[in-house]
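Data block for input20.cif (mmCIF, C-alpha atoms):
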data_structure
#
loop_
_atom_site.group_PDB
_atom_site.id
_atom_site.type_symbol
_atom_site.label_atom_id
_atom_site.label_comp_id
_atom_site.auth_asym_id
_atom_site.auth_seq_id
_atom_site.Cartn_x
_atom_site.Cartn_y
_atom_site.Cartn_z
ATOM 1 C CA MET A 22 34.661 32.852 192.166
ATOM 2 C CA THR A 23 31.419 34.823 191.882
ATOM 3 C CA ILE A 24 28.768 33.953 194.452
ATOM 4 C CA TYR A 25 25.102 34.396 193.575
ATOM 5 C CA GLU A 26 21.762 33.595 195.104
ATOM 6 C CA VAL A 27 20.204 30.420 193.779
ATOM 7 C CA TYR A 28 17.152 30.240 196.035
ATOM 8 C CA SER A 29 15.449 32.048 198.902
ATOM 9 C CA HIS A 30 12.455 31.515 201.148
ATOM 10 C CA PRO A 31 10.953 33.438 204.054
ATOM 11 C CA VAL A 32 11.471 32.326 207.621
ATOM 12 C CA LEU A 33 8.403 32.146 209.809
ATOM 13 C CA VAL A 34 8.853 33.687 213.242
ATOM 14 C CA ARG A 35 6.160 33.224 215.863
ATOM 15 C CA TYR A 36 6.011 35.590 218.819
ATOM 16 C CA ARG A 37 4.576 33.940 221.910
ATOM 17 C CA THR A 38 3.311 35.519 225.106
ATOM 18 C CA SER A 39 0.868 34.840 227.919
ATOM 19 C CA ILE A 40 -2.798 35.834 227.715
ATOM 20 C CA CYS A 41 -2.444 38.423 230.484
ATOM 21 C CA SER A 42 0.285 40.559 228.942
ATOM 22 C CA ARG A 43 0.769 43.917 227.322
ATOM 23 C CA ALA A 44 1.391 42.240 223.962
ATOM 24 C CA THR A 45 -2.062 40.627 224.101
ATOM 25 C CA VAL A 46 -3.700 43.936 224.961
ATOM 26 C CA PHE A 47 -1.793 45.597 222.113
ATOM 27 C CA LEU A 48 -2.949 42.924 219.657
ATOM 28 C CA LEU A 49 -6.599 43.304 220.705
ATOM 29 C CA ILE A 50 -6.399 47.079 220.278
ATOM 30 C CA VAL A 51 -4.846 46.669 216.838
ATOM 31 C CA LEU A 52 -7.569 44.231 215.757
ATOM 32 C CA LEU A 53 -10.317 46.590 216.900
ATOM 33 C CA LEU A 54 -8.706 49.579 215.183
ATOM 34 C CA THR A 55 -8.114 47.575 212.007
ATOM 35 C CA TYR A 56 -11.682 46.358 211.509
ATOM 36 C CA ILE A 57 -13.844 48.913 213.345
ATOM 37 C CA SER A 58 -12.159 52.121 212.152
ATOM 38 C CA PRO A 59 -12.901 51.508 208.421
ATOM 39 C CA LEU A 60 -16.544 50.856 209.295
ATOM 40 C CA LEU A 61 -16.819 54.140 211.199
ATOM 41 C CA ILE A 62 -15.045 56.093 208.473
ATOM 42 C CA ALA A 63 -17.208 54.628 205.715
ATOM 43 C CA TYR A 64 -20.387 55.255 207.711
ATOM 44 C CA ARG A 65 -19.494 58.837 208.684
ATOM 45 C CA SER A 66 -18.471 59.762 205.141
ATOM 46 C CA GLN A 67 -22.161 59.634 204.053
ATOM 47 C CA GLY A 68 -23.653 57.310 201.490
ATOM 48 C CA PHE A 69 -22.682 54.099 203.310
ATOM 49 C CA TRP A 70 -26.216 52.711 203.091
ATOM 50 C CA LEU A 71 -27.619 53.226 199.610
ATOM 51 C CA LYS A 72 -31.109 54.591 200.236
ATOM 52 C CA GLN A 73 -31.964 55.548 196.652
ATOM 53 C CA SER A 74 -30.633 54.629 193.264
ATOM 54 C CA THR A 75 -31.526 55.330 189.639
ATOM 55 C CA TYR A 76 -31.733 53.520 186.344
ATOM 56 C CA GLU A 77 -32.819 54.382 182.817
ATOM 57 C CA GLU A 78 -35.830 52.908 181.068
ATOM 58 C CA GLN A 79 -38.077 53.916 178.224
ATOM 59 C CA PRO A 80 -41.624 53.578 179.564
ATOM 60 C CA ASN A 81 -44.364 51.803 177.674
ATOM 61 C CA ILE A 82 -46.809 54.663 177.041
ATOM 62 C CA ARG A 83 -50.065 54.469 175.135
ATOM 63 C CA PHE A 84 -52.587 57.216 174.493
ATOM 64 C CA ARG A 85 -55.957 56.342 176.074
ATOM 65 C CA TYR A 86 -58.029 58.452 173.646
ATOM 66 C CA GLU A 87 -59.459 60.506 176.487
ATOM 67 C CA VAL A 88 -59.571 64.233 175.764
ATOM 68 C CA LEU A 89 -60.982 67.259 177.581
ATOM 69 C CA LEU A 90 -60.782 70.641 175.831
ATOM 70 C CA ILE A 91 -61.858 74.087 177.010
ATOM 71 C CA ALA A 92 -61.197 77.152 174.857
ATOM 72 C CA ALA A 93 -61.909 80.702 176.075
ATOM 73 C CA THR A 94 -63.511 82.955 173.433
ATOM 74 C CA ASN A 95 -64.726 86.505 173.091
ATOM 75 C CA THR A 96 -68.387 85.550 172.967
ATOM 76 C CA THR A 97 -70.983 86.086 175.704
ATOM 77 C CA ASP A 98 -70.672 82.546 177.060
ATOM 78 C CA ASN A 99 -66.914 83.038 177.114
ATOM 79 C CA TYR A 100 -65.902 79.486 176.190
ATOM 80 C CA VAL A 101 -66.439 76.480 173.958
ATOM 81 C CA ALA A 102 -65.534 72.944 174.951
ATOM 82 C CA TRP A 103 -65.594 69.268 174.062
ATOM 83 C CA SER A 104 -64.492 65.971 175.549
ATOM 84 C CA THR A 105 -64.659 62.248 174.947
ATOM 85 C CA PHE A 106 -66.934 61.982 178.014
ATOM 86 C CA SER A 107 -70.638 62.011 177.177
ATOM 87 C CA TYR A 108 -71.729 63.307 180.583
ATOM 88 C CA PHE A 109 -69.488 66.351 180.257
ATOM 89 C CA ASN A 110 -70.718 67.044 176.724
ATOM 90 C CA ASN A 111 -74.322 66.909 177.945
ATOM 91 C CA LEU A 112 -73.512 69.622 180.481
ATOM 92 C CA LEU A 113 -72.137 72.012 177.848
ATOM 93 C CA GLY A 114 -75.339 72.832 175.982
ATOM 94 C CA ASP A 115 -74.679 75.423 173.256
ATOM 95 C CA ASN A 116 -71.011 75.631 174.255
ATOM 96 C CA LEU A 117 -70.343 72.197 172.811
ATOM 97 C CA ARG A 118 -68.241 72.029 169.646
ATOM 98 C CA ILE A 119 -67.531 68.681 167.979
ATOM 99 C CA PRO A 120 -63.973 68.760 166.608
ATOM 100 C CA LEU A 121 -62.160 66.728 163.987
ATOM 101 C CA LEU A 122 -59.573 64.589 165.761
ATOM 102 C CA LEU A 123 -56.540 62.938 164.147
ATOM 103 C CA VAL A 124 -54.282 60.758 166.305
ATOM 104 C CA LYS A 125 -51.282 58.600 165.430
ATOM 105 C CA GLU A 126 -48.670 56.930 167.648
ATOM 106 C CA ASP A 127 -45.298 55.999 166.105
ATOM 107 C CA ASP A 128 -42.781 53.318 167.057
ATOM 108 C CA ILE A 129 -39.788 54.854 165.303
ATOM 109 C CA ASN A 130 -37.120 52.293 166.265
ATOM 110 C CA GLN A 131 -39.443 49.269 166.037
ATOM 111 C CA ASP A 132 -38.747 48.050 169.569
ATOM 112 C CA GLY A 133 -42.377 47.447 170.481
ATOM 113 C CA LYS A 134 -42.690 50.689 172.452
ATOM 114 C CA MET A 135 -44.281 53.835 171.091
ATOM 115 C CA ASP A 136 -41.919 56.797 170.773
ATOM 116 C CA LYS A 137 -44.266 59.695 170.131
ATOM 117 C CA LEU A 138 -47.864 60.801 169.687
ATOM 118 C CA ASN A 139 -49.001 62.972 166.789
ATOM 119 C CA PHE A 140 -52.167 64.746 167.878
ATOM 120 C CA ARG A 141 -54.227 67.134 165.775
ATOM 121 C CA LEU A 142 -57.551 68.650 166.811
ATOM 122 C CA GLU A 143 -59.586 71.014 164.628
ATOM 123 C CA LEU A 144 -62.197 72.892 166.674
ATOM 124 C CA PRO A 145 -64.992 74.438 164.565
ATOM 125 C CA LEU A 146 -65.808 78.075 165.308
ATOM 126 C CA SER A 147 -68.225 80.614 163.924
ATOM 127 C CA SER A 148 -66.941 83.723 162.184
ATOM 128 C CA SER A 149 -67.636 85.805 165.309
ATOM 129 C CA GLU A 150 -65.759 83.523 167.705
ATOM 130 C CA GLN A 151 -62.076 83.983 168.522
ATOM 131 C CA VAL A 152 -59.912 81.834 170.784
ATOM 132 C CA TYR A 153 -57.729 83.625 173.342
ATOM 133 C CA SER A 154 -56.744 80.710 175.546
ATOM 134 C CA MET A 155 -56.896 76.966 175.459
ATOM 135 C CA GLN A 156 -56.730 74.204 178.067
ATOM 136 C CA LEU A 157 -56.415 70.569 177.042
ATOM 137 C CA ILE A 158 -56.048 67.323 178.993
ATOM 138 C CA LEU A 159 -54.869 64.089 177.365
ATOM 139 C CA THR A 160 -54.629 60.843 179.332
ATOM 140 C CA PHE A 161 -52.123 58.006 178.926
ATOM 141 C CA SER A 162 -51.395 54.495 180.108
ATOM 142 C CA TYR A 163 -47.895 54.451 181.638
ATOM 143 C CA GLN A 164 -45.917 51.260 182.430
ATOM 144 C CA LEU A 165 -42.429 50.403 183.710
ATOM 145 C CA PHE A 166 -41.031 46.864 183.832
ATOM 146 C CA ARG A 167 -37.250 46.810 184.354
ATOM 147 C CA MET A 168 -37.221 46.806 188.175
ATOM 148 C CA SER A 169 -40.673 46.719 189.727
ATOM 149 C CA THR A 170 -43.754 46.528 187.508
ATOM 150 C CA PHE A 171 -45.301 49.982 187.768
ATOM 151 C CA GLU A 172 -48.592 50.820 186.094
ATOM 152 C CA MET A 173 -50.556 54.049 186.210
ATOM 153 C CA GLN A 174 -52.898 56.258 184.250
ATOM 154 C CA SER A 175 -51.351 59.669 183.740
ATOM 155 C CA MET A 176 -52.081 62.861 181.892
ATOM 156 C CA ALA A 177 -50.574 65.697 179.892
ATOM 157 C CA TYR A 178 -51.958 69.152 180.646
ATOM 158 C CA ILE A 179 -51.590 71.604 177.761
ATOM 159 C CA HIS A 180 -52.506 75.244 178.228
ATOM 160 C CA HIS A 181 -51.717 78.570 176.612
ATOM 161 C CA SER A 182 -53.207 82.055 176.558
ATOM 162 C CA SER A 183 -52.596 85.225 174.598
ATOM 163 C CA SER A 184 -53.948 88.752 174.305
ATOM 164 C CA LEU A 185 -54.276 88.140 170.563
ATOM 165 C CA PRO A 186 -56.796 85.691 169.098
ATOM 166 C CA GLY A 187 -55.164 82.592 167.712
ATOM 167 C CA SER A 188 -55.713 80.250 164.836
ATOM 168 C CA GLN A 189 -53.421 77.452 165.934
ATOM 169 C CA LEU A 190 -51.415 76.202 168.913
ATOM 170 C CA TYR A 191 -48.365 74.101 168.118
ATOM 171 C CA ILE A 192 -46.799 71.979 170.848
ATOM 172 C CA ASP A 193 -43.691 69.786 170.605
ATOM 173 C CA GLY A 194 -42.551 68.392 173.950
ATOM 174 C CA ASP A 195 -41.596 65.425 176.101
ATOM 175 C CA LEU A 196 -43.886 63.559 178.465
ATOM 176 C CA LYS A 197 -41.657 63.253 181.533
ATOM 177 C CA LEU A 198 -42.004 61.360 184.782
ATOM 178 C CA GLN A 199 -42.042 63.317 188.040
ATOM 179 C CA GLN A 200 -41.389 61.534 191.326
ATOM 180 C CA ARG A 201 -41.794 62.707 194.892
ATOM 181 C CA GLN A 202 -41.251 59.142 196.076
ATOM 182 C CA ALA A 203 -38.900 56.397 194.925
ATOM 183 C CA LEU A 204 -40.404 53.279 193.368
ATOM 184 C CA ASN A 205 -39.905 49.814 194.814
ATOM 185 C CA HIS A 206 -37.117 47.623 193.429
ATOM 186 C CA ARG A 207 -39.497 44.731 192.775
ATOM 187 C CA GLY A 208 -43.159 43.753 192.924
ATOM 188 C CA LEU A 209 -46.295 45.159 191.316
ATOM 189 C CA ASP A 210 -47.351 48.770 191.939
ATOM 190 C CA THR A 211 -50.816 49.748 190.660
ATOM 191 C CA ARG A 212 -51.825 52.360 193.254
ATOM 192 C CA TYR A 213 -52.177 55.048 190.560
ATOM 193 C CA ASN A 214 -53.697 52.850 187.898
ATOM 194 C CA VAL A 215 -57.011 54.705 188.193
ATOM 195 C CA SER A 216 -58.735 57.134 185.845
ATOM 196 C CA VAL A 217 -57.485 60.707 185.907
ATOM 197 C CA ILE A 218 -60.962 61.915 184.937
ATOM 198 C CA ASN A 219 -64.052 60.202 186.335
ATOM 199 C CA GLY A 220 -65.948 59.922 183.061
ATOM 200 C CA SER A 221 -68.784 57.948 184.662
ATOM 201 C CA SER A 222 -69.839 60.887 186.842
ATOM 202 C CA PRO A 223 -72.791 63.058 185.717
ATOM 203 C CA PHE A 224 -71.719 65.930 187.991
ATOM 204 C CA ALA A 225 -69.927 69.032 186.722
ATOM 205 C CA SER A 226 -67.427 68.945 189.601
ATOM 206 C CA ALA A 227 -65.884 65.764 188.161
ATOM 207 C CA TYR A 228 -64.832 67.724 185.051
ATOM 208 C CA ASP A 229 -63.691 70.896 186.784
ATOM 209 C CA LEU A 230 -60.048 71.428 185.831
ATOM 210 C CA THR A 231 -59.187 72.640 189.321
ATOM 211 C CA ASN A 232 -60.427 69.392 190.826
ATOM 212 C CA ILE A 233 -58.800 67.236 188.153
ATOM 213 C CA VAL A 234 -55.376 68.874 188.381
ATOM 214 C CA GLY A 235 -55.528 69.164 192.186
ATOM 215 C CA SER A 236 -56.391 65.490 192.624
ATOM 216 C CA TYR A 237 -53.693 64.494 190.130
ATOM 217 C CA GLN A 238 -51.006 66.500 191.922
ATOM 218 C CA GLU A 239 -51.761 64.642 195.154
ATOM 219 C CA ARG A 240 -49.989 61.665 193.627
ATOM 220 C CA ASN A 241 -46.351 60.969 194.420
ATOM 221 C CA VAL A 242 -45.708 59.859 190.830
ATOM 222 C CA THR A 243 -47.041 61.860 187.883
ATOM 223 C CA THR A 244 -46.223 62.831 184.338
ATOM 224 C CA VAL A 245 -45.860 66.351 183.031
ATOM 225 C CA LEU A 246 -45.583 67.621 179.465
ATOM 226 C CA PHE A 247 -42.376 69.620 179.130
ATOM 227 C CA CYS A 248 -42.635 72.039 176.220
ATOM 228 C CA PRO A 249 -40.444 75.122 176.624
ATOM 229 C CA SER A 250 -41.533 76.790 173.355
ATOM 230 C CA PRO A 251 -45.233 76.527 172.458
ATOM 231 C CA VAL A 252 -46.142 78.373 169.270
ATOM 232 C CA TRP A 253 -49.308 80.510 169.200
ATOM 233 C CA ILE A 254 -50.279 81.372 165.625
ATOM 234 C CA VAL A 255 -52.622 84.325 164.987
ATOM 235 C CA GLY A 256 -54.668 85.285 161.959
ATOM 236 C CA ARG A 257 -57.547 82.829 161.597
ATOM 237 C CA ALA A 258 -59.616 82.991 158.425
ATOM 238 C CA ALA A 259 -63.386 83.332 158.668
ATOM 239 C CA ASN A 260 -65.123 80.034 159.542
ATOM 240 C CA ALA A 261 -61.749 78.281 159.769
ATOM 241 C CA PRO A 262 -61.301 75.949 162.747
ATOM 242 C CA PHE A 263 -58.976 76.543 165.641
ATOM 243 C CA VAL A 264 -56.229 73.919 165.405
ATOM 244 C CA VAL A 265 -54.271 72.217 168.169
ATOM 245 C CA ASN A 266 -51.258 70.491 166.671
ATOM 246 C CA ALA A 267 -49.191 68.565 169.216
ATOM 247 C CA VAL A 268 -46.225 66.220 169.041
ATOM 248 C CA ILE A 269 -45.726 64.460 172.380
ATOM 249 C CA ARG A 270 -42.563 62.385 172.658
ATOM 250 C CA TYR A 271 -41.970 59.454 175.025
ATOM 251 C CA PRO A 272 -38.260 59.667 175.918
ATOM 252 C CA THR A 273 -36.118 57.379 178.052
ATOM 253 C CA GLN A 274 -36.563 58.311 181.711
ATOM 254 C CA VAL A 275 -34.256 58.286 184.742
ATOM 255 C CA ILE A 276 -36.216 56.332 187.359
ATOM 256 C CA THR A 277 -35.525 56.658 191.100
ATOM 257 C CA TYR A 278 -36.063 53.523 193.158
ATOM 258 C CA GLN A 279 -35.359 52.053 196.591
ATOM 259 C CA PRO A 280 -32.540 49.458 196.400
ATOM 260 C CA GLY A 281 -33.048 45.971 197.756
ATOM 261 C CA PHE A 282 -31.158 44.440 200.691
ATOM 262 C CA TRP A 283 -28.373 42.800 198.669
ATOM 263 C CA GLU A 284 -27.783 45.909 196.570
ATOM 264 C CA MET A 285 -27.397 47.931 199.779
ATOM 265 C CA ILE A 286 -24.970 45.346 201.195
ATOM 266 C CA LYS A 287 -22.960 45.329 197.974
ATOM 267 C CA GLY A 288 -22.534 49.101 198.021
ATOM 268 C CA ALA A 289 -21.618 49.169 201.730
ATOM 269 C CA TRP A 290 -19.207 46.232 201.376
ATOM 270 C CA ILE A 291 -17.274 47.895 198.552
ATOM 271 C CA GLN A 292 -16.797 51.052 200.620
ATOM 272 C CA TYR A 293 -15.791 49.135 203.745
ATOM 273 C CA VAL A 294 -13.275 46.820 202.044
ATOM 274 C CA SER A 295 -11.608 49.654 200.108
ATOM 275 C CA ILE A 296 -10.810 51.419 203.417
ATOM 276 C CA LEU A 297 -10.066 48.172 205.265
ATOM 277 C CA LEU A 298 -7.225 47.273 202.880
ATOM 278 C CA ILE A 299 -5.390 50.480 203.833
ATOM 279 C CA PHE A 300 -5.784 49.786 207.560
ATOM 280 C CA LEU A 301 -4.624 46.171 207.127
ATOM 281 C CA TRP A 302 -1.435 47.337 205.407
ATOM 282 C CA VAL A 303 -0.707 50.081 207.966
ATOM 283 C CA PHE A 304 -1.300 47.987 211.092
ATOM 284 C CA GLU A 305 0.607 45.021 209.673
ATOM 285 C CA ARG A 306 3.667 47.269 209.391
ATOM 286 C CA ILE A 307 3.072 48.504 212.947
ATOM 287 C CA LYS A 308 2.884 44.928 214.298
ATOM 288 C CA ILE A 309 6.087 43.937 212.463
ATOM 289 C CA PHE A 310 7.935 46.895 213.948
ATOM 290 C CA VAL A 311 6.635 46.295 217.491
ATOM 291 C CA PHE A 312 7.400 42.562 217.637
ATOM 292 C CA GLN A 313 10.644 42.491 215.657
ATOM 293 C CA ASN A 314 12.118 45.244 217.811
ATOM 294 C CA GLN A 315 10.678 43.754 221.016
ATOM 295 C CA VAL A 316 8.918 46.984 221.960
ATOM 296 C CA LEU A 317 6.600 44.665 223.881
ATOM 297 C CA ARG A 318 8.340 41.643 225.373
ATOM 298 C CA THR A 319 7.477 38.347 223.676
ATOM 299 C CA VAL A 320 9.236 35.038 222.998
ATOM 300 C CA PRO A 321 10.208 34.760 219.309
ATOM 301 C CA VAL A 322 10.258 31.227 217.908
ATOM 302 C CA THR A 323 11.757 30.618 214.472
ATOM 303 C CA LEU A 324 10.176 27.710 212.626
ATOM 304 C CA HIS A 325 12.307 25.662 210.240
ATOM 305 C CA LYS A 326 10.982 23.008 207.913
ATOM 306 C CA GLN A 327 12.245 19.589 208.886
ATOM 307 C CA HIS A 328 13.740 17.402 206.168
ATOM 308 C CA GLN A 329 12.492 13.909 205.855
ATOM 309 C CA SER A 330 15.145 11.200 206.102
#

Please render this file's structure as structure tokens.
Amino acid sequence: MTIYEVYSHPVLVRYRTSICSRATVFLLIVLLLTYISPLLIAYRSQGFWLKQSTYEEQPNIRFRYEVLLIAATNTTDNYVAWSTFSYFNNLLGDNLRIPLLLVKEDDINQDGKMDKLNFRLELPLSSSEQVYSMQLILTFSYQLFRMSTFEMQSMAYIHHSSSLPGSQLYIDGDLKLQQRQALNHRGLDTRYNVSVINGSSPFASAYDLTNIVGSYQERNVTTVLFCPSPVWIVGRAANAPFVVNAVIRYPTQVITYQPGFWEMIKGAWIQYVSILLIFLWVFERIKIFVFQNQVLRTVPVTLHKQHQS
């Protein structure tokens, strides 16, 4: 007659010993090694505490209609300029040129956020004036909302020079965020929500490009216009204006921020538990071997389930 297994169940064996015994010391050492070793390994392997993290967000950017233009020419005064600031224009005297300005912002995907700025400036010149270099500042309102609410006034600095006189400068680039400091994970941050150019000042120093750019670069969070291939077009017709034609795009940005407490705990916990599981398995096998083979003397007690009568 063939014999086969119809049912099986594990037998529970308890190993008993006194408190002051080598088995107790062994068990304490195993517990410490099981739970402390993964913590040390995870901590020493770097990245245990998440100090910085990143996320993607398309910022809400709007052009503020603030412009400052300086163009170097071959005339005696050496430059012509214009801005949207009346005090600066009053300082220019005969160097002032009033341009034709065309501006349009487009929301291409209709998500409520602008995707690019189309900017065209036509600077009138006399037949004897030629433009050899151009510096232009445009200011923007910049907002982030996904983690913390971050608001600032930023700028795009456009500049180009050539040994040949130009008729047009074409720019097509991205307005990108630059961070020297991570943003907070929550709250309202408006420390840089101040004017890039102090248009209420009657003093020339307020409109000096060195002062404007230097003060702006003191910030830990700025924007910069990334345009690897500006196009300088030569051959201007007599009495034709010098044209600045710019397309400034507002792409999705990778934002660096400081994680909150629970996000740090979550990252550390995942690392710790993943290593802990290995140590639990290894030391469980060690304990089974030690106690089953009585490497350390204990009193084994087999527990059987009692049947009710």

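Excluding region 137-139 of chain A itself and any same-chain residue fewer than 3 positions from it, the protein and nucleic acid residues within 10 Å of it, counting all atoms listed in the file, are A:Ile82, A:Arg83, A:Phe84, A:Leu123, A:Val124, A:Lys125, A:Glu126, A:Asp127, A:Asp128, A:Ile129, A:Lys134, A:Asp193, A:Gly194, A:Asp195, A:Leu196, A:Asn266, A:Ala267, A:Val268, A:Ile269, A:Arg270, A:Tyr271, A:Pro272.
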
Generate a file of the selected residues that holds C-alpha atoms, formatted as a short mmCIF file (atom, residue, chain, number, x, y, z; two decimals), in the coordinates of the input.
data_model
loop_
_atom_site.label_atom_id
_atom_site.label_comp_id
_atom_site.auth_asym_id
_atom_site.auth_seq_id
_atom_site.Cartn_x
_atom_site.Cartn_y
_atom_site.Cartn_z
CA ILE A 82 -46.81 54.66 177.04
CA ARG A 83 -50.06 54.47 175.14
CA PHE A 84 -52.59 57.22 174.49
CA LEU A 123 -56.54 62.94 164.15
CA VAL A 124 -54.28 60.76 166.30
CA LYS A 125 -51.28 58.60 165.43
CA GLU A 126 -48.67 56.93 167.65
CA ASP A 127 -45.30 56.00 166.10
CA ASP A 128 -42.78 53.32 167.06
CA ILE A 129 -39.79 54.85 165.30
CA LYS A 134 -42.69 50.69 172.45
CA ASP A 193 -43.69 69.79 170.60
CA GLY A 194 -42.55 68.39 173.95
CA ASP A 195 -41.60 65.42 176.10
CA LEU A 196 -43.89 63.56 178.46
CA ASN A 266 -51.26 70.49 166.67
CA ALA A 267 -49.19 68.56 169.22
CA VAL A 268 -46.22 66.22 169.04
CA ILE A 269 -45.73 64.46 172.38
CA ARG A 270 -42.56 62.38 172.66
CA TYR A 271 -41.97 59.45 175.02
CA PRO A 272 -38.26 59.67 175.92
#

Smallest atom-to-atom distance to Gly256 (chain A): which of A:Gln189, A:Ser221, A:Gln79, A:Gln67, using only C-alpha atoms?
->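 Closest candidate: A:Gln189.
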
Mind dumping a table of every region 53-96 of chain A residue within 10 Å of region 277-297 of chain A, with the nearest atom pair and its distance in Å to one decimal, using only C-alpha atoms, sorted by chain and rising number, as JSON lines?
{"residue": "A:Thr55", "atom": "CA", "partner": "A:Leu297", "partner_atom": "CA", "distance": 7.0}
{"residue": "A:Tyr56", "atom": "CA", "partner": "A:Leu297", "partner_atom": "CA", "distance": 6.7}
{"residue": "A:Ile57", "atom": "CA", "partner": "A:Leu297", "partner_atom": "CA", "distance": 9.0}
{"residue": "A:Ser58", "atom": "CA", "partner": "A:Leu297", "partner_atom": "CA", "distance": 8.2}
{"residue": "A:Pro59", "atom": "CA", "partner": "A:Leu297", "partner_atom": "CA", "distance": 5.4}
{"residue": "A:Leu60", "atom": "CA", "partner": "A:Tyr293", "partner_atom": "CA", "distance": 5.9}
{"residue": "A:Leu61", "atom": "CA", "partner": "A:Tyr293", "partner_atom": "CA", "distance": 9.0}
{"residue": "A:Ile62", "atom": "CA", "partner": "A:Ile296", "partner_atom": "CA", "distance": 8.1}
{"residue": "A:Ala63", "atom": "CA", "partner": "A:Tyr293", "partner_atom": "CA", "distance": 6.0}
{"residue": "A:Tyr64", "atom": "CA", "partner": "A:Tyr293", "partner_atom": "CA", "distance": 8.6}
{"residue": "A:Ser66", "atom": "CA", "partner": "A:Gln292", "partner_atom": "CA", "distance": 10.0}
{"residue": "A:Gly68", "atom": "CA", "partner": "A:Ala289", "partner_atom": "CA", "distance": 8.4}
{"residue": "A:Phe69", "atom": "CA", "partner": "A:Ala289", "partner_atom": "CA", "distance": 5.3}
{"residue": "A:Trp70", "atom": "CA", "partner": "A:Met285", "partner_atom": "CA", "distance": 5.9}
{"residue": "A:Leu71", "atom": "CA", "partner": "A:Met285", "partner_atom": "CA", "distance": 5.3}
{"residue": "A:Lys72", "atom": "CA", "partner": "A:Gln279", "partner_atom": "CA", "distance": 6.1}
{"residue": "A:Gln73", "atom": "CA", "partner": "A:Gln279", "partner_atom": "CA", "distance": 4.9}
{"residue": "A:Ser74", "atom": "CA", "partner": "A:Tyr278", "partner_atom": "CA", "distance": 5.5}
{"residue": "A:Thr75", "atom": "CA", "partner": "A:Thr277", "partner_atom": "CA", "distance": 4.5}
{"residue": "A:Tyr76", "atom": "CA", "partner": "A:Thr277", "partner_atom": "CA", "distance": 6.8}
{"residue": "A:Glu77", "atom": "CA", "partner": "A:Thr277", "partner_atom": "CA", "distance": 9.0}

Return as a PDB file with C-alpha atoms, in the frame of the given file the set of residues that the PyMOL selection byres ((chain A and resi 158-172) around 7) yields on the displayed structure.
ATOM      1  CA  PRO A  80     -41.624  53.578 179.564  1.00  0.00           C
ATOM      2  CA  ASN A  81     -44.364  51.803 177.674  1.00  0.00           C
ATOM      3  CA  ILE A  82     -46.809  54.663 177.041  1.00  0.00           C
ATOM      4  CA  ARG A  83     -50.065  54.469 175.135  1.00  0.00           C
ATOM      5  CA  PHE A  84     -52.587  57.216 174.493  1.00  0.00           C
ATOM      6  CA  ARG A  85     -55.957  56.342 176.074  1.00  0.00           C
ATOM      7  CA  GLU A  87     -59.459  60.506 176.487  1.00  0.00           C
ATOM      8  CA  VAL A  88     -59.571  64.233 175.764  1.00  0.00           C
ATOM      9  CA  LEU A  89     -60.982  67.259 177.581  1.00  0.00           C
ATOM     10  CA  LEU A  90     -60.782  70.641 175.831  1.00  0.00           C
ATOM     11  CA  GLN A 156     -56.730  74.204 178.067  1.00  0.00           C
ATOM     12  CA  LEU A 157     -56.415  70.569 177.042  1.00  0.00           C
ATOM     13  CA  MET A 173     -50.556  54.049 186.210  1.00  0.00           C
ATOM     14  CA  GLN A 174     -52.898  56.258 184.250  1.00  0.00           C
ATOM     15  CA  SER A 175     -51.351  59.669 183.740  1.00  0.00           C
ATOM     16  CA  MET A 176     -52.081  62.861 181.892  1.00  0.00           C
ATOM     17  CA  ALA A 177     -50.574  65.697 179.892  1.00  0.00           C
ATOM     18  CA  TYR A 178     -51.958  69.152 180.646  1.00  0.00           C
ATOM     19  CA  ILE A 179     -51.590  71.604 177.761  1.00  0.00           C
ATOM     20  CA  ASN A 205     -39.905  49.814 194.814  1.00  0.00           C
ATOM     21  CA  HIS A 206     -37.117  47.623 193.429  1.00  0.00           C
ATOM     22  CA  ARG A 207     -39.497  44.731 192.775  1.00  0.00           C
ATOM     23  CA  GLY A 208     -43.159  43.753 192.924  1.00  0.00           C
ATOM     24  CA  LEU A 209     -46.295  45.159 191.316  1.00  0.00           C
ATOM     25  CA  ASP A 210     -47.351  48.770 191.939  1.00  0.00           C
ATOM     26  CA  THR A 211     -50.816  49.748 190.660  1.00  0.00           C
ATOM     27  CA  ASN A 214     -53.697  52.850 187.898  1.00  0.00           C
TER      28      ASN A 214
END

Could you tell me which residues the PyMOL selection byres ((chain A and resi 199) around 10) grabs in this file, written as a VMD selection string?
-> chain A and resid 196 to 198 200 to 202 240 to 245 274 to 277

Residues picked by the PyMOL selection byres ((chain A and resi 305-309) around 12) here, as an MDAnalysis selection string?
-> chainID A and resid 34:36 44:45 47:52 54:55 297:304 310:317

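Each of A:Val265, A:Leu146, A:Val234, A:Ala93 was checked against Ser184 (chain A) using only C-alpha atoms; the smallest atom-to-atom distance is that of A:Ala93.
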
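CA of Ala92 (chain A) to CA of Val215 (chain A) spans 26.4 Å [interatomic distance, one decimal].
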
What are the centre and the three edge lengths of an axis-aligned box that wraps all atoms of region 182-192 of chain A in the file, given that 5 Å is added to every side, written as JSON and rounded to one decimal in Å?
{"center_x": -51.8, "center_y": 80.4, "center_z": 170.7, "size_x": 20.0, "size_y": 26.8, "size_z": 21.7}

Which residue out of A:Ile254, A:Ala259, A:Leu113, A:Met135 has the minimum interatomic distance to Pro186 (chain A) when all atoms listed in the file are used?
-> A:Ile254

Of A:Leu33, A:Leu230, A:Leu122, A:Leu185, the one sitting nearest Thr105 (chain A) when using only C-alpha atoms is A:Leu122

Kindly indicate which residue among A:Phe140, A:Leu53, A:Glu239, A:Ser222 lies nearest to Tyr191 (chain A), using all atoms listed in the file for the distances.
-> A:Phe140

When you draw a straight line from CA of Phe263 (chain A) to CA of Phe247 (chain A), how long is it in Å?
->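 About the pair CA of Phe263 (chain A) and CA of Phe247 (chain A): they are 22.5 Å apart.
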